[in-house]
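What follows is the content of target.txt (compact mmCIF, C-alpha atoms).
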# COMPACT_ATOMS: atom_id res chain seq x y z
CA MET W 1 -13.46 5.97 10.18
CA ALA W 2 -11.77 2.58 10.48
CA ARG W 3 -8.55 1.59 8.75
CA MET W 4 -8.18 1.63 4.98
CA LYS W 5 -8.19 -1.91 3.60
CA PHE W 6 -8.19 -3.89 0.35
CA ILE W 7 -10.31 -7.02 -0.09
CA CYS W 8 -10.11 -9.13 -3.26
CA ASP W 9 -13.04 -11.41 -4.00
CA ALA W 10 -11.52 -14.54 -5.58
CA GLU W 11 -14.96 -15.64 -6.81
CA ARG W 12 -15.20 -12.54 -8.99
CA CYS W 13 -11.65 -11.88 -10.14
CA ILE W 14 -11.34 -12.82 -13.83
CA GLU W 15 -7.61 -12.12 -14.13
CA CYS W 16 -8.17 -9.23 -16.54
CA ASN W 17 -5.30 -7.24 -15.00
CA GLY W 18 -7.39 -4.07 -15.17
CA CYS W 19 -6.24 -3.21 -11.64
CA VAL W 20 -2.59 -3.56 -12.66
CA THR W 21 -3.13 -1.38 -15.70
CA ALA W 22 -5.08 1.24 -13.78
CA CYS W 23 -2.32 1.46 -11.17
CA LYS W 24 0.48 1.73 -13.70
CA ASN W 25 -1.38 4.38 -15.65
CA GLU W 26 -2.49 6.43 -12.65
CA HIS W 27 0.96 6.62 -11.08
CA GLU W 28 3.07 6.36 -14.22
CA VAL W 29 4.85 3.39 -12.67
CA PRO W 30 8.01 2.57 -14.68
CA TRP W 31 8.49 -0.48 -16.87
CA GLY W 32 9.32 -3.58 -14.86
CA VAL W 33 7.65 -2.40 -11.66
CA ASN W 34 4.26 -3.71 -10.61
CA ARG W 35 2.82 -2.21 -7.48
CA ARG W 36 -0.12 -4.55 -8.00
CA ARG W 37 -0.32 -7.87 -9.79
CA VAL W 38 -2.79 -10.71 -10.28
CA VAL W 39 -1.86 -14.14 -8.98
CA THR W 40 -3.68 -17.20 -10.32
CA LEU W 41 -3.79 -20.54 -8.54
CA ASN W 42 -4.36 -23.74 -10.55
CA ASP W 43 -4.17 -21.79 -13.79
CA GLY W 44 -6.06 -23.52 -16.58
CA VAL W 45 -7.66 -26.07 -14.27
CA PRO W 46 -11.42 -25.90 -13.68
CA GLY W 47 -11.89 -24.11 -10.40
CA GLU W 48 -8.86 -21.87 -10.83
CA ARG W 49 -8.79 -18.80 -8.64
CA SER W 50 -7.23 -15.41 -9.21
CA ILE W 51 -6.52 -12.74 -6.68
CA SER W 52 -5.16 -9.23 -7.05
CA VAL W 53 -2.25 -8.60 -4.70
CA ALA W 54 -0.42 -5.46 -3.63
CA CYS W 55 0.71 -3.96 -0.33
CA MET W 56 -1.99 -4.93 2.17
CA HIS W 57 -1.13 -2.04 4.50
CA CYS W 58 -0.72 -4.46 7.40
CA SER W 59 -1.74 -3.37 10.87
CA ASP W 60 1.50 -4.88 12.20
CA ALA W 61 3.63 -4.44 9.10
CA PRO W 62 6.77 -6.61 8.92
CA CYS W 63 8.42 -4.14 6.53
CA MET W 64 8.20 -1.46 9.22
CA ALA W 65 9.68 -3.83 11.77
CA VAL W 66 12.75 -4.75 9.72
CA CYS W 67 13.58 -1.41 8.09
CA PRO W 68 17.04 -0.42 9.40
CA VAL W 69 16.55 3.29 8.66
CA ASN W 70 12.95 3.54 9.86
CA CYS W 71 11.65 5.00 6.60
CA PHE W 72 8.11 3.64 7.03
CA TYR W 73 5.25 5.35 8.74
CA ARG W 74 1.55 4.67 9.16
CA THR W 75 -1.04 7.35 8.55
CA GLU W 76 -4.03 7.98 10.76
CA GLU W 77 -6.13 6.02 8.24
CA GLY W 78 -3.89 2.93 8.60
CA VAL W 79 -2.07 3.34 5.29
CA VAL W 80 1.57 2.18 5.41
CA LEU W 81 3.77 4.64 3.51
CA HIS W 82 7.48 5.26 3.26
CA ASP W 83 9.86 8.14 2.74
CA LYS W 84 12.06 7.62 -0.32
CA ASP W 85 14.47 10.28 0.90
CA VAL W 86 15.24 8.07 3.90
CA CYS W 87 15.10 4.63 2.19
CA ILE W 88 18.54 3.17 1.41
CA GLY W 89 17.22 0.45 -0.89
CA CYS W 90 18.60 -2.43 1.20
CA GLY W 91 15.72 -4.76 0.32
CA TYR W 92 15.04 -6.07 3.83
CA CYS W 93 11.40 -5.09 3.42
CA SER W 94 11.09 -7.23 0.32
CA TYR W 95 12.31 -10.29 2.24
CA ALA W 96 9.98 -9.53 5.14
CA CYS W 97 6.84 -8.83 3.11
CA PRO W 98 4.63 -11.94 2.70
CA PHE W 99 2.95 -10.39 -0.37
CA GLY W 100 6.04 -9.40 -2.36
CA ALA W 101 4.84 -5.81 -2.37
CA PRO W 102 8.15 -3.88 -2.27
CA GLN W 103 9.52 -3.18 -5.74
CA PHE W 104 12.92 -1.86 -6.73
CA PRO W 105 12.77 0.24 -9.87
CA SER W 106 15.86 0.64 -12.03
CA ALA W 107 14.71 3.80 -13.79
CA GLY W 108 13.07 7.10 -12.94
CA THR W 109 13.71 9.69 -10.29
CA PHE W 110 14.78 7.26 -7.59
CA GLY W 111 15.57 4.23 -9.69
CA VAL W 112 19.29 4.84 -10.00
CA ARG W 113 19.78 4.74 -6.25
CA GLY W 114 17.49 1.73 -5.87
CA LYS W 115 14.82 3.27 -3.65
CA MET W 116 11.96 0.95 -2.81
CA ASP W 117 8.60 1.54 -4.44
CA LYS W 118 5.24 0.08 -3.43
CA CYS W 119 1.51 0.59 -3.42
CA THR W 120 0.58 3.75 -1.53
CA PHE W 121 -3.17 3.07 -1.38
CA CYS W 122 -3.19 6.09 -3.73
CA ALA W 123 -2.18 8.24 -0.75
CA GLY W 124 1.09 9.64 -2.11
CA GLY W 125 3.93 10.17 0.32
CA PRO W 126 5.37 12.70 2.73
CA GLU W 127 5.79 15.42 0.10
CA ALA W 128 3.10 18.10 -0.07
CA ASN W 129 -0.27 16.63 -1.11
CA GLY W 130 -0.79 16.89 -4.86
CA SER W 131 2.67 18.36 -5.51
CA GLN W 132 4.84 17.50 -8.51
CA ALA W 133 7.50 16.08 -6.16
CA GLU W 134 4.95 13.77 -4.59
CA PHE W 135 3.75 12.60 -7.98
CA GLU W 136 7.26 11.88 -9.25
CA LYS W 137 8.25 9.88 -6.19
CA TYR W 138 5.01 8.22 -5.14
CA GLY W 139 2.32 8.86 -7.74
CA ARG W 140 -1.09 10.47 -7.46
CA ASN W 141 -2.64 11.23 -4.08
CA ARG W 142 -6.24 10.23 -4.82
CA LEU W 143 -7.25 10.00 -1.17
CA ALA W 144 -6.53 13.70 -0.78
CA GLU W 145 -8.69 14.29 -3.86
CA GLY W 146 -11.64 12.55 -2.20
CA LYS W 147 -11.26 9.41 -4.31
CA LEU W 148 -10.49 5.76 -3.62
CA PRO W 149 -7.59 3.73 -5.06
CA ALA W 150 -7.69 3.56 -8.87
CA CYS W 151 -7.23 -0.23 -8.97
CA ALA W 152 -10.45 -0.88 -7.06
CA GLU W 153 -12.44 1.84 -8.76
CA MET W 154 -11.44 0.50 -12.19
CA CYS W 155 -12.08 -3.18 -11.36
CA SER W 156 -14.51 -4.41 -14.01
CA THR W 157 -16.15 -7.09 -11.86
CA LYS W 158 -15.81 -5.21 -8.56
CA ALA W 159 -13.75 -8.11 -7.26
CA LEU W 160 -11.26 -5.72 -5.73
CA LEU W 161 -12.71 -3.53 -3.02
CA ALA W 162 -10.84 -0.70 -1.32
CA GLY W 163 -11.73 1.84 1.30
CA ASP W 164 -12.75 2.09 4.92
CA GLY W 165 -12.43 -1.44 6.36
CA ASP W 166 -15.93 -1.37 7.84
CA VAL W 167 -17.52 -0.27 4.57
CA VAL W 168 -15.77 -2.77 2.29
CA ALA W 169 -16.32 -5.59 4.80
CA ASP W 170 -20.06 -4.81 4.79
CA ILE W 171 -20.16 -4.79 0.98
CA PHE W 172 -18.29 -8.11 0.81
CA ARG W 173 -20.40 -9.74 3.56
CA ASN W 174 -23.63 -8.73 1.90
CA ARG W 175 -22.38 -10.06 -1.43
CA VAL W 176 -21.35 -13.43 -0.01
CA VAL W 177 -24.63 -13.91 1.84
CA GLN W 178 -26.65 -13.16 -1.30
CA ARG W 179 -24.77 -15.20 -3.85
CA GLY W 180 -24.31 -18.46 -1.98
CA LYS W 181 -21.47 -20.76 -2.96
CA GLY W 182 -20.48 -23.46 -5.43
CA ALA W 183 -23.09 -24.05 -8.14
CA GLU W 184 -25.33 -21.40 -6.55
CA VAL W 185 -22.89 -18.73 -7.66
CA TRP W 186 -24.24 -16.95 -10.69
CA GLY W 187 -22.26 -17.79 -13.80
CA TRP W 188 -20.42 -20.72 -12.28
CA GLY W 189 -22.10 -23.35 -14.43
CA THR W 190 -21.52 -21.32 -17.59
CA ALA W 191 -17.87 -20.87 -16.85
CA TYR W 192 -16.92 -24.25 -15.46
CA GLY W 193 -19.89 -26.56 -16.02
CA SER W 194 -21.89 -28.14 -13.22
CA LYS W 195 -21.05 -31.56 -11.92
CA THR W 196 -23.90 -33.87 -10.98
CA ASP W 197 -23.32 -36.54 -8.37
CA ALA W 198 -24.98 -39.97 -8.13
CA LYS W 199 -28.00 -38.51 -6.32
CA GLY W 200 -28.52 -35.93 -9.06
CA ALA W 201 -27.50 -32.99 -6.92
CA LYS W 202 -25.46 -30.27 -8.57
CA SER W 203 -22.22 -29.16 -7.02
CA MET N 1 62.98 11.98 34.80
CA SER N 2 62.78 8.41 35.93
CA SER N 3 61.44 5.69 33.72
CA PHE N 4 58.53 5.23 36.13
CA GLN N 5 57.51 8.87 35.74
CA ARG N 6 57.87 8.60 31.97
CA LEU N 7 55.66 5.50 31.86
CA THR N 8 53.10 7.16 34.12
CA GLY N 9 53.05 10.21 31.84
CA ILE N 10 52.55 8.07 28.75
CA ALA N 11 49.76 6.11 30.46
CA ILE N 12 47.98 9.33 31.47
CA ALA N 13 48.37 10.74 27.95
CA LEU N 14 46.93 7.57 26.41
CA THR N 15 44.02 7.54 28.86
CA VAL N 16 43.18 11.16 28.10
CA ALA N 17 43.47 10.55 24.35
CA ALA N 18 41.21 7.51 24.59
CA GLY N 19 38.72 9.45 26.68
CA LEU N 20 38.58 12.29 24.19
CA THR N 21 38.08 9.98 21.23
CA ALA N 22 34.41 9.61 22.10
CA CYS N 23 33.99 13.39 21.87
CA GLY N 24 34.81 13.23 18.17
CA ASP N 25 32.33 10.46 17.36
CA LYS N 26 29.36 11.35 15.23
CA ALA N 27 25.90 10.77 16.65
CA GLN N 28 24.62 7.30 15.80
CA GLU N 29 20.89 8.01 15.96
CA LEU N 30 18.86 7.28 12.86
CA ALA N 31 19.59 10.23 10.64
CA GLY N 32 16.41 10.07 8.66
CA GLN N 33 12.96 10.09 10.12
CA PRO N 34 10.04 10.29 7.72
CA LYS N 35 9.00 13.81 7.00
CA PHE N 36 5.70 15.11 8.23
CA ASP N 37 2.87 13.98 5.96
CA ALA N 38 -0.23 16.12 5.74
CA ALA N 39 -3.51 14.29 6.35
CA PRO N 40 -5.46 13.47 3.17
CA TYR N 41 -8.55 15.37 4.35
CA THR N 42 -6.58 18.60 4.02
CA GLY N 43 -6.86 18.17 0.25
CA THR N 44 -4.36 18.80 -2.52
CA GLY N 45 -5.24 22.36 -3.40
CA VAL N 46 -5.61 21.26 -7.03
CA LYS N 47 -9.26 21.91 -7.70
CA VAL N 48 -9.55 20.29 -11.12
CA PHE N 49 -8.66 16.84 -9.82
CA THR N 50 -10.55 17.08 -6.52
CA GLU N 51 -14.05 15.73 -6.09
CA SER N 52 -16.44 18.57 -5.37
CA ASP N 53 -18.72 16.82 -2.84
CA TRP N 54 -16.58 17.50 0.22
CA LYS N 55 -14.77 20.41 1.81
CA ALA N 56 -10.97 20.31 2.14
CA GLY N 57 -9.96 20.50 5.79
CA ASP N 58 -13.21 19.00 7.07
CA LYS N 59 -12.37 15.45 8.14
CA ASN N 60 -15.98 14.35 8.54
CA SER N 61 -17.02 15.49 5.08
CA TRP N 62 -13.96 13.76 3.61
CA ALA N 63 -14.77 10.48 5.40
CA GLN N 64 -18.40 10.73 4.29
CA GLN N 65 -17.28 11.38 0.70
CA LEU N 66 -15.20 8.18 0.69
CA LYS N 67 -18.02 6.14 2.21
CA THR N 68 -20.51 7.43 -0.36
CA ARG N 69 -18.05 6.81 -3.16
CA ALA N 70 -17.37 3.26 -1.96
CA GLN N 71 -21.09 2.48 -1.81
CA TYR N 72 -21.83 3.95 -5.22
CA GLY N 73 -18.76 2.68 -6.98
CA GLN N 74 -18.25 -0.73 -5.41
CA ASN N 75 -21.52 -1.98 -3.93
CA ASP N 76 -23.28 -3.26 -7.04
CA HIS N 77 -25.92 -5.04 -4.92
CA SER N 78 -27.26 -1.75 -3.63
CA ARG N 79 -27.25 -0.32 -7.14
CA SER N 80 -29.04 -3.23 -8.78
CA ASN N 81 -31.60 -4.05 -6.07
Translate the structure described by the file into structure tokens.
Amino acid sequence: MARMKFICDAERCIECNGCVTACKNEHEVPWGVNRRRVVTLNDGVPGERSISVACMHCSDAPCMAVCPVNCFYRTEEGVVLHDKDVCIGCGYCSYACPFGAPQFPSAGTFGVRGKMDKCTFCAGGPEANGSQAEFEKYGRNRLAEGKLPACAEMCSTKALLAGDGDVVADIFRNRVVQRGKGAEVWGWGTAYGSKTDAKGAKS
Amino acid sequence: MSSFQRLTGIAIALTVAAGLTACGDKAQELAGQPKFDAAPYTGTGVKVFTESDWKAGDKNSWAQQLKTRAQYGQNDHSRSN
């Protein structure tokens, strides 16, 4: 098995926020905290693109590098997790992260002391797999249940892919090769209209 | 006792006191290291939430379960063609 990875297909994402909702529901994430969110570029302009963003479980994670108490660890599957019992809530990780993944809840079990919270790739934390303590601190451990992250499995257009890096890369590659680009993409003309240049070619 | 002897005595006492100060310092290593985290293929032990197509503790069957699930759940090309 390779490393666990997320890929978001910007051609498919329709900004429905189903991934955000699935994540919040699955892990009972408190109000004001979004482990995952959808970012839209050129919102409202033809050709706008949306992408679902959360912790990308970096192979060389900057949050791990800057953490002064060394609360992060990487699992054998390449998932970057952290220990909330060690975290001091300093926020260095949030400055270091290029995706804005670290969140600082103000309510809940660890909210009062400002412990950092982030996407766990639905892999829980260092507490016993499937335990109540793990759920309260980190949410469900779907990987240990033989499932993939809820955000990707609930994605209505299958824009968000999650799982073994080799597997999701193959799915994405196959998809891109088959659908083409620009006006060739199915549904593009319906959604945005097709432009015709002077030679009559569609773009 | 001469003033020289007194000064020498004070200097020795200060040196010893300074030397012993380090003995009272607390260790400065990182107090918290992440706890041991069990591998996901060991399962949760909660049968109702666990998929039944793999065996807890068997890494290969767990990896195969995730691959199969990814293909079925996310590869719509293979499902529609």
| field | Residue list for chain W near chain N as a count of residues only, 9 Å, all atoms listed in the file | value | 49
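Atom to atom, atom CA of Ala10 of chain W and atom CA of Thr120 of chain W stand 22.3 Å apart.
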| Two-atom distance - atom CA of Asp117 of chain W, atom CA of Pro102 of chain W (Å) | 5.9 Å
| field | Nearest to Cys151 of chain W, chosen from W:Cys67, W:Ala101, W:Cys119, W:Ala133, with only C-alpha atoms counted in the distances | value | W:Cys119
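Picture a line from atom CA of His27 of chain W to atom CA of Ala150 of chain W; it runs 9.4 Å.
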| said: Here's a test: counting all atoms listed in the file, identify every protein, DNA and RNA residue with an atom at most 10 Å from (0.7, -7.8, -8.7) in the file's coordinate frame, and state them as a ChimeraX atom specification. | reply: /W:17,19-20,33-39,51-55,99-101,119
